[in-house]
$ cat entry_38.cif   # mmCIF, C-alpha atoms
data_data
loop_
_atom_site.label_atom_id
_atom_site.label_comp_id
_atom_site.auth_asym_id
_atom_site.auth_seq_id
_atom_site.Cartn_x
_atom_site.Cartn_y
_atom_site.Cartn_z
CA MET A 1 54.40 0.52 60.96
CA PRO A 2 52.18 -1.59 63.23
CA LYS A 3 49.99 0.56 65.45
CA THR A 4 47.54 -1.89 66.96
CA LEU A 5 47.89 -5.37 68.36
CA SER A 6 45.03 -6.93 66.46
CA ASN A 7 46.34 -6.83 62.93
CA LYS A 8 49.68 -5.12 62.79
CA VAL A 9 52.01 -6.99 65.06
CA PRO A 10 55.60 -7.23 63.82
CA ARG A 11 57.45 -10.48 64.19
CA LEU A 12 59.63 -9.24 67.04
CA THR A 13 56.55 -8.30 69.03
CA LEU A 14 55.07 -11.72 68.40
CA THR A 15 58.30 -13.30 69.59
CA ALA A 16 58.20 -11.20 72.74
CA LEU A 17 54.57 -12.17 73.27
CA ALA A 18 55.42 -15.83 72.76
CA CYS A 19 58.25 -15.63 75.31
CA SER A 20 55.93 -13.94 77.82
CA LEU A 21 53.28 -16.59 77.33
CA LEU A 22 55.82 -19.37 77.74
CA ALA A 23 57.02 -17.76 80.97
CA LEU A 24 53.43 -17.50 82.25
CA SER A 25 52.90 -21.09 81.23
CA ALA A 26 55.96 -22.20 83.19
CA CYS A 27 54.48 -20.48 86.25
CA GLY A 28 51.22 -22.33 85.68
CA MET A 29 49.31 -19.10 85.08
CA ILE A 30 48.05 -20.12 81.68
CA LYS A 31 47.53 -23.45 80.04
CA ALA A 32 48.02 -24.59 76.53
CA ALA A 33 44.92 -25.54 74.59
CA PRO A 34 45.94 -28.61 72.59
CA ARG A 35 44.56 -28.81 69.08
CA ALA A 36 42.93 -32.12 68.21
CA LYS A 37 44.71 -34.02 65.45
CA VAL A 38 42.05 -36.04 63.69
CA MET A 39 42.43 -37.59 60.28
CA LEU A 40 39.35 -36.53 58.35
CA PRO A 41 37.76 -38.95 55.87
CA SER A 42 39.00 -38.74 52.33
CA ILE A 43 36.77 -37.88 49.39
CA SER A 44 37.18 -38.64 45.70
CA PRO A 45 39.08 -36.02 43.73
CA PRO A 46 36.97 -33.92 41.35
CA LYS A 47 37.55 -34.28 37.64
CA ALA A 48 40.39 -31.98 36.73
CA ALA A 49 39.63 -29.29 34.15
CA GLU A 50 41.95 -28.60 31.23
CA ASN A 51 44.22 -26.24 33.17
CA GLU A 52 44.06 -28.22 36.41
CA THR A 53 46.18 -31.05 37.75
CA SER A 54 45.27 -33.47 40.49
CA VAL A 55 48.32 -34.62 42.46
CA ALA A 56 48.34 -37.61 44.82
CA LEU A 57 49.65 -36.88 48.33
CA LYS A 58 51.60 -39.50 50.24
CA PRO A 59 52.75 -39.67 53.86
CA THR A 60 56.37 -38.69 54.44
CA SER A 61 58.74 -38.86 57.38
CA LEU A 62 59.66 -35.19 56.90
CA GLN A 63 58.22 -32.81 59.46
CA ARG A 64 58.17 -29.06 59.83
CA GLN A 65 57.74 -26.62 62.68
CA GLY A 66 54.12 -25.77 63.35
CA ILE A 67 52.69 -22.29 63.84
CA MET A 68 52.02 -20.94 67.32
CA HIS A 69 48.38 -19.94 67.72
CA PHE A 70 47.26 -17.36 70.25
CA ASN A 71 43.79 -17.01 71.68
CA PHE A 72 42.33 -14.52 74.11
CA ALA A 73 39.40 -15.53 76.31
CA ALA A 74 36.53 -13.14 77.05
CA ASP A 75 38.22 -12.13 80.31
CA GLY A 76 41.35 -11.25 78.38
CA ARG A 77 43.36 -14.24 79.54
CA PRO A 78 45.68 -15.48 76.84
CA SER A 79 46.08 -19.07 75.83
CA TYR A 80 48.25 -20.57 73.20
CA GLU A 81 48.93 -23.76 71.34
CA MET A 82 52.51 -24.92 71.27
CA PRO A 83 53.84 -25.33 67.73
CA GLU A 84 54.36 -29.05 67.64
CA ALA A 85 56.23 -30.49 64.69
CA GLU A 86 53.72 -31.07 61.92
CA LYS A 87 53.36 -34.42 60.24
CA LEU A 88 53.22 -33.93 56.51
CA VAL A 89 52.13 -35.45 53.24
CA ARG A 90 54.13 -35.01 50.07
CA GLY A 91 53.12 -34.28 46.49
CA ASP A 92 55.37 -34.58 43.45
CA LEU A 93 54.80 -32.78 40.20
CA LYS A 94 56.94 -32.20 37.14
CA VAL A 95 56.69 -28.56 36.12
CA ASP A 96 58.60 -27.06 33.21
CA GLN A 97 60.86 -30.15 33.02
CA GLU A 98 61.62 -29.80 36.71
CA GLN A 99 60.55 -32.31 39.33
CA THR A 100 59.13 -30.45 42.31
CA SER A 101 58.12 -31.76 45.72
CA PHE A 102 55.78 -29.96 48.06
CA TYR A 103 54.43 -30.67 51.50
CA LEU A 104 51.15 -30.11 53.33
CA PRO A 105 49.91 -31.00 56.81
CA GLN A 106 48.78 -34.59 57.16
CA TYR A 107 45.84 -33.51 59.28
CA GLY A 108 43.05 -31.27 58.07
CA PRO A 109 40.91 -29.36 57.93
CA HIS A 110 42.63 -27.51 55.11
CA GLU A 111 41.72 -23.87 54.59
CA LEU A 112 42.16 -22.28 51.17
CA THR A 113 41.21 -18.79 52.29
CA THR A 114 42.52 -16.66 55.10
CA LYS A 115 40.54 -15.03 57.86
CA GLY A 116 43.34 -12.56 58.53
CA ASN A 117 43.76 -9.14 56.98
CA HIS A 118 47.51 -9.26 56.59
CA SER A 119 50.21 -11.70 55.54
CA PHE A 120 51.27 -12.34 59.14
CA GLU A 121 47.70 -13.23 60.05
CA ASN A 122 47.26 -15.76 57.27
CA THR A 123 45.16 -18.68 58.48
CA SER A 124 45.10 -20.71 55.28
CA THR A 125 46.96 -24.00 54.99
CA ARG A 126 50.71 -23.69 54.61
CA ILE A 127 52.32 -25.46 51.69
CA THR A 128 56.08 -25.90 51.66
CA VAL A 129 57.88 -26.30 48.36
CA ASP A 130 61.34 -27.83 48.50
CA SER A 131 62.47 -25.41 45.81
CA ASN A 132 66.19 -26.13 46.10
CA HIS A 133 65.70 -29.90 46.33
CA ASP A 134 67.81 -30.23 49.47
CA GLY A 135 65.28 -32.28 51.41
CA LYS A 136 64.98 -29.54 54.04
CA LEU A 137 61.93 -27.39 54.55
CA ASP A 138 63.18 -23.88 55.19
CA ARG A 139 61.03 -20.98 56.34
CA SER A 140 61.63 -19.23 53.03
CA GLU A 141 60.05 -22.17 51.22
CA HIS A 142 56.69 -21.78 52.94
CA TRP A 143 53.75 -20.53 50.92
CA TRP A 144 50.10 -20.04 51.76
CA THR A 145 47.35 -21.81 49.87
CA SER A 146 45.26 -18.61 49.87
CA LEU A 147 47.84 -17.11 47.50
CA PRO A 148 49.38 -18.37 44.26
CA VAL A 149 52.14 -20.89 44.94
CA ARG A 150 55.33 -21.17 42.90
CA LEU A 151 56.24 -24.64 41.66
CA GLY A 152 59.32 -24.64 39.45
CA ASP A 153 58.98 -21.57 37.27
CA SER A 154 55.17 -21.49 37.23
CA MET A 155 52.52 -20.19 39.57
CA PHE A 156 49.58 -22.32 40.68
CA ASP A 157 46.38 -21.66 42.58
CA VAL A 158 45.30 -24.34 45.00
CA ALA A 159 41.79 -25.21 43.82
CA ALA A 160 40.99 -27.93 46.37
CA ILE A 161 42.58 -30.21 48.95
CA ASP A 162 41.17 -33.52 50.07
CA PRO A 163 40.11 -33.27 53.76
CA GLY A 164 41.82 -36.64 54.21
CA SER A 165 45.02 -35.28 52.59
CA GLN A 166 45.11 -37.85 49.80
CA TRP A 167 45.16 -35.40 46.89
CA ILE A 168 45.44 -31.74 45.94
CA LEU A 169 43.97 -30.02 42.91
CA LEU A 170 46.24 -27.36 41.39
CA LYS A 171 45.23 -24.84 38.78
CA LYS A 172 47.62 -22.87 36.57
CA SER A 173 47.56 -19.32 37.87
CA SER A 174 47.59 -16.14 35.85
CA ALA A 175 49.63 -14.47 38.60
CA ARG A 176 53.07 -13.33 37.51
CA LEU A 177 56.07 -15.32 38.67
CA ALA A 178 56.82 -14.54 42.30
CA GLY A 179 59.09 -15.63 45.10
CA VAL A 180 62.82 -15.55 45.64
CA VAL A 181 64.15 -19.07 45.15
CA VAL A 182 67.82 -19.89 45.65
CA GLY A 183 69.46 -20.68 42.30
CA LYS A 184 66.66 -19.07 40.27
CA PRO A 185 66.41 -15.60 38.74
CA CYS A 186 64.91 -12.97 41.01
CA PRO A 187 61.30 -12.32 39.96
CA GLU A 188 60.68 -9.11 38.09
CA PHE A 189 60.03 -6.08 40.24
CA SER A 190 59.57 -2.39 39.64
CA LEU A 191 59.58 -0.28 42.76
CA LEU A 192 59.71 3.46 43.28
CA THR A 193 62.35 4.66 45.72
CA THR A 194 61.72 7.57 48.07
CA ASN A 195 64.12 9.60 45.90
CA GLY A 196 61.79 9.13 42.95
CA TYR A 197 63.87 6.57 41.05
CA LYS A 198 62.43 3.40 39.61
CA ALA A 199 64.26 0.35 40.88
CA THR A 200 64.00 -2.82 38.83
CA GLN A 201 66.06 -6.00 38.87
CA ASP A 202 67.95 -4.67 35.82
CA THR A 203 68.99 -1.51 37.69
CA PHE A 204 71.37 -3.57 39.80
CA LYS A 205 72.73 -6.02 37.23
CA GLY A 206 76.50 -6.32 37.43
CA ARG A 207 76.61 -5.84 41.19
CA TRP A 208 75.64 -7.99 44.12
CA LEU A 209 72.29 -6.87 45.46
CA LEU A 210 71.12 -7.17 49.02
CA LEU A 211 67.38 -6.77 49.49
CA ASP A 212 66.77 -5.70 53.06
CA VAL A 213 63.20 -5.87 54.34
CA TRP A 214 63.11 -3.49 57.26
CA SER A 215 60.97 -1.26 59.39
CA GLU A 216 61.84 1.92 61.23
CA THR A 217 59.42 1.07 64.06
CA MET B 218 71.13 -1.78 59.74
CA PRO B 219 74.58 -1.34 61.35
CA LEU B 220 75.39 -4.98 60.52
CA VAL B 221 74.37 -4.50 56.90
CA LYS B 222 76.50 -1.36 56.79
CA ARG B 223 79.46 -3.41 57.97
CA ILE B 224 78.85 -5.92 55.16
CA GLU B 225 78.85 -3.09 52.64
CA GLU B 226 82.11 -1.72 54.05
CA LYS B 227 83.69 -5.16 53.93
CA ILE B 228 82.59 -6.02 50.42
CA GLY B 229 82.80 -2.57 48.89
CA LYS B 230 80.15 -0.12 47.74
CA ASN B 231 81.11 -0.64 44.10
CA LYS B 232 80.47 -4.40 44.36
CA LEU B 233 77.39 -4.51 46.54
CA GLN B 234 74.20 -2.46 46.46
CA VAL B 235 71.72 -2.50 49.31
CA LEU B 236 68.06 -1.88 48.44
CA LEU B 237 65.90 -1.19 51.45
CA LEU B 238 62.33 -2.43 51.31
CA SER B 239 60.51 -0.56 54.03
CA VAL B 240 57.29 -2.10 55.33
CA ASP B 241 56.45 1.01 57.34
CA PHE B 242 53.88 2.29 54.88
CA ASP B 243 50.17 1.40 54.70
CA TYR B 244 49.77 0.45 58.34
CA GLY B 245 47.72 3.44 59.35
CA ASN B 246 50.35 6.07 58.58
CA SER B 247 50.70 8.24 55.51
CA LYS B 248 53.38 7.86 52.87
CA GLU B 249 54.86 11.21 53.90
CA GLU B 250 55.03 10.21 57.57
CA ALA B 251 56.66 6.89 56.74
CA ALA B 252 59.16 8.53 54.35
CA LYS B 253 60.09 11.13 56.94
CA SER B 254 60.63 8.68 59.81
CA ASP B 255 62.54 6.29 57.55
CA LEU B 256 64.81 9.10 56.38
CA GLU B 257 65.49 10.21 59.95
CA CYS B 258 66.39 6.67 60.91
CA MET B 259 68.67 6.23 57.89
CA GLN B 260 70.42 9.54 58.61
CA LYS B 261 70.98 8.46 62.20
CA GLN B 262 72.53 5.24 60.96
CA GLY B 263 74.59 7.09 58.36
CA VAL B 264 73.29 5.23 55.32
CA ASN B 265 71.97 6.58 52.03
CA TRP B 266 70.83 3.38 50.35
CA PRO B 267 67.81 3.59 48.05
CA ASN B 268 64.70 3.00 50.10
CA VAL B 269 61.34 1.80 48.82
CA LEU B 270 58.16 2.33 50.78
CA VAL B 271 56.57 -0.92 49.74
CA PRO B 272 52.84 -0.30 49.23
CA GLY B 273 50.99 -2.81 51.36
CA GLY B 274 54.10 -3.57 53.41
CA PHE B 275 54.59 -7.23 54.18
CA ASP B 276 51.61 -8.22 52.02
CA ASN B 277 53.30 -6.90 48.89
CA CYS B 278 56.68 -8.32 49.92
CA GLN B 279 55.04 -11.69 50.25
CA ARG B 280 53.20 -11.47 46.94
CA THR B 281 56.30 -10.38 45.02
CA PHE B 282 59.16 -12.07 46.81
CA ASN B 283 57.41 -14.55 49.17
CA LEU B 284 59.16 -12.79 52.03
CA ASP B 285 56.98 -12.67 55.13
CA GLY B 286 59.33 -11.08 57.61
CA TYR B 287 62.38 -8.93 58.10
CA GLY B 288 65.54 -10.27 56.54
CA LEU B 289 68.10 -10.23 53.77
CA THR B 290 68.02 -11.70 50.29
CA LEU B 291 71.25 -11.94 48.31
CA ILE B 292 71.14 -11.68 44.53
CA ASP B 293 74.21 -12.13 42.35
CA PRO B 294 75.35 -9.77 39.55
CA ASP B 295 73.45 -11.89 36.99
CA GLY B 296 70.18 -11.57 38.91
CA ILE B 297 70.25 -15.08 40.35
CA VAL B 298 69.06 -15.47 43.94
CA ARG B 299 71.91 -16.83 46.09
CA GLY B 300 70.52 -16.56 49.59
CA VAL B 301 67.12 -16.05 51.17
CA ASP B 302 66.43 -15.10 54.77
CA VAL B 303 70.16 -14.84 55.47
CA ARG B 304 71.51 -13.19 58.59
CA PRO B 305 73.93 -10.28 58.15
CA ASN B 306 76.84 -12.31 59.56
CA GLU B 307 76.10 -15.08 57.05
CA VAL B 308 76.43 -12.93 53.93
CA ALA B 309 80.24 -12.88 53.84
CA GLN B 310 80.32 -16.62 54.54
CA LEU B 311 77.81 -17.22 51.77
CA LEU B 312 79.92 -15.21 49.33
CA GLY B 313 82.94 -17.21 50.45
CA ASN B 314 81.10 -20.46 49.80
CA LEU B 315 80.21 -19.18 46.35
CA LYS B 316 83.95 -18.57 45.86
CA VAL B 317 83.41 -14.93 45.03
CA ASN B 318 86.67 -13.05 44.73
CA LEU B 319 85.82 -9.71 46.26
CA ASP B 320 89.35 -8.37 45.90
CA GLU B 321 89.17 -8.24 42.11
#

$ encode --input "entry_38.cif" --output "structure tokens"
Amino acid sequence: MPKTLSNKVPRLTLTALACSLLALSACGMIKAAPRAKVMLPSISPPKAAENETSVALKPTSLQRQGIMHFNFAADGRPSYEMPEAEKLVRGDLKVDQEQTSFYLPQYGPHELTTKGNHSFENTSTRITVDSNHDGKLDRSEHWWTSLPVRLGDSMFDVAAIDPGSQWILLKKSSARLAGVVVGKPCPEFSLLTTNGYKATQDTFKGRWLLLDVWSET
Amino acid sequence: MPLVKRIEEKIGKNKLQVLLLSVDFDYGNSKEEAAKSDLECMQKQGVNWPNVLVPGGFDNCQRTFNLDGYGLTLIDPDGIVRGVDVRPNEVAQLLGNLKVNLDE
């Protein structure tokens, strides 16, 4: 799969790169570039349209692991930002009779679009939905605000986020239900196997199914 | 893949189906190239599970399943998701926690 470093780096390669950078850092060869954490001023929420919902965001003691950012200077020297634990704000919304809680970074700026070309380059704000209500924010519960987000059994687009993280404006999305959520039915899929068979969720009913995302490279 | 094969052997082919979602396609290589190299790899590992060359690779996996990396997702016989991002050695434990009688 991935052939170039710029936009096709598999996770293992990123891990290896991270380890190398940490080793260089320990030797004092490169320095971390700390990201400023500034609370931006809040603005008033826009009036929600018929299919939109404005949700108040409140500070929470829950934190989540941040994302490691890599930068390369003009001379090719790498620098990185250590993924500090992120302080979060929490939103609560009842969707389809189900109370859902979701979490966003306390500090902006919030980006609703991505500058990256691929999912592993997504630069939009991460939103974490505690789908299984266990009070833990697992990696599998992370979503990106540049894509539709699943809350309960509905999909939402993030229309706006207050720079001061006081509110979020959600819009009902026309995207089909997506995301594997523990305790919920697997979303519908229809995929063509290399043998020419169509594989849907119904194909495997009656047996345990193990979806294995893999790469030969 | 060898670890997943061991899970299949332990649980039984008639009780567990593995569906491979290959993210090798659409990253600069053709569908034929990806299919060929995947098949060679699977033959080397001695597995013949159905394999899907997911168009768009990780992007499509994320849009459909919200999966953004390699890993396993366990779905029960009724189509309910029972585990996401589980490690191979956790699958049997997870089934045990769900009190699944695999000897039936």

$ closest_residue --input "entry_38.cif" --among "B:Asn306, B:Asn246, B:Asn231, B:Thr290" --to "Gly273 of chain B" --atoms "only C-alpha atoms"
B:Asn246

$ residues_around --input "entry_38.cif" --residues "Gln260 of chain B" --least-positions-apart "5" --cutoff "12 Å" --atoms "all atoms listed in the file" --output "PDB file with C-alpha atoms, keeping the file's coordinate frame"
ATOM      1  CA  GLU A 216      61.840   1.920  61.230  1.00  0.00           C
TER       2      GLU A 216
ATOM      3  CA  MET B 218      71.130  -1.780  59.740  1.00  0.00           C
ATOM      4  CA  PRO B 219      74.580  -1.340  61.350  1.00  0.00           C
ATOM      5  CA  LYS B 253      60.090  11.130  56.940  1.00  0.00           C
ATOM      6  CA  SER B 254      60.630   8.680  59.810  1.00  0.00           C
ATOM      7  CA  ASP B 255      62.540   6.290  57.550  1.00  0.00           C
ATOM      8  CA  ASN B 265      71.970   6.580  52.030  1.00  0.00           C
ATOM      9  CA  TRP B 266      70.830   3.380  50.350  1.00  0.00           C
TER      10      TRP B 266
END

$ residues_around --input "entry_38.cif" --residues "Val240 of chain B" --least-positions-apart "5" --cutoff "6 Å" --atoms "only C-alpha atoms" --output "list in words"
Ser215 of chain A; Val271, Gly274 and Phe275 of chain B

$ interface_residues --input "entry_38.cif" --of "chain B" --to "chain A" --cutoff "8 Å" --atoms "all atoms listed in the file" --output "NGL selection string"
:B and (231-246 or 251-252 or 254-255 or 258 or 267-271 or 275-276 or 279-302)

$ residues_around --input "entry_38.cif" --residues "Pro46 of chain A" --least-positions-apart "4" --cutoff "9 Å" --atoms "all atoms listed in the file" --output "list of chain:residue names"
A:Ser54, A:Ala160, A:Leu169

$ atom_distance --input "entry_38.cif" --atom1 "atom CA of Asp153 of chain A" --atom2 "atom CA of Ala85 of chain A"
29.0 Å

$ closest_residue --input "entry_38.cif" --among "A:Gln65, A:Ser101, A:Ser44, A:Thr200" --to "Glu84 of chain A" --atoms "only C-alpha atoms"
A:Gln65

$ atom_distance --input "entry_38.cif" --atom1 "atom CA of Lys172 of chain A" --atom2 "atom CA of Ser146 of chain A"
14.2 Å

$ closest_residue --input "entry_38.cif" --among "A:Ser190, A:Gln99, A:Gln106, A:Thr113" --to "Ser131 of chain A" --atoms "only C-alpha atoms"
A:Gln99
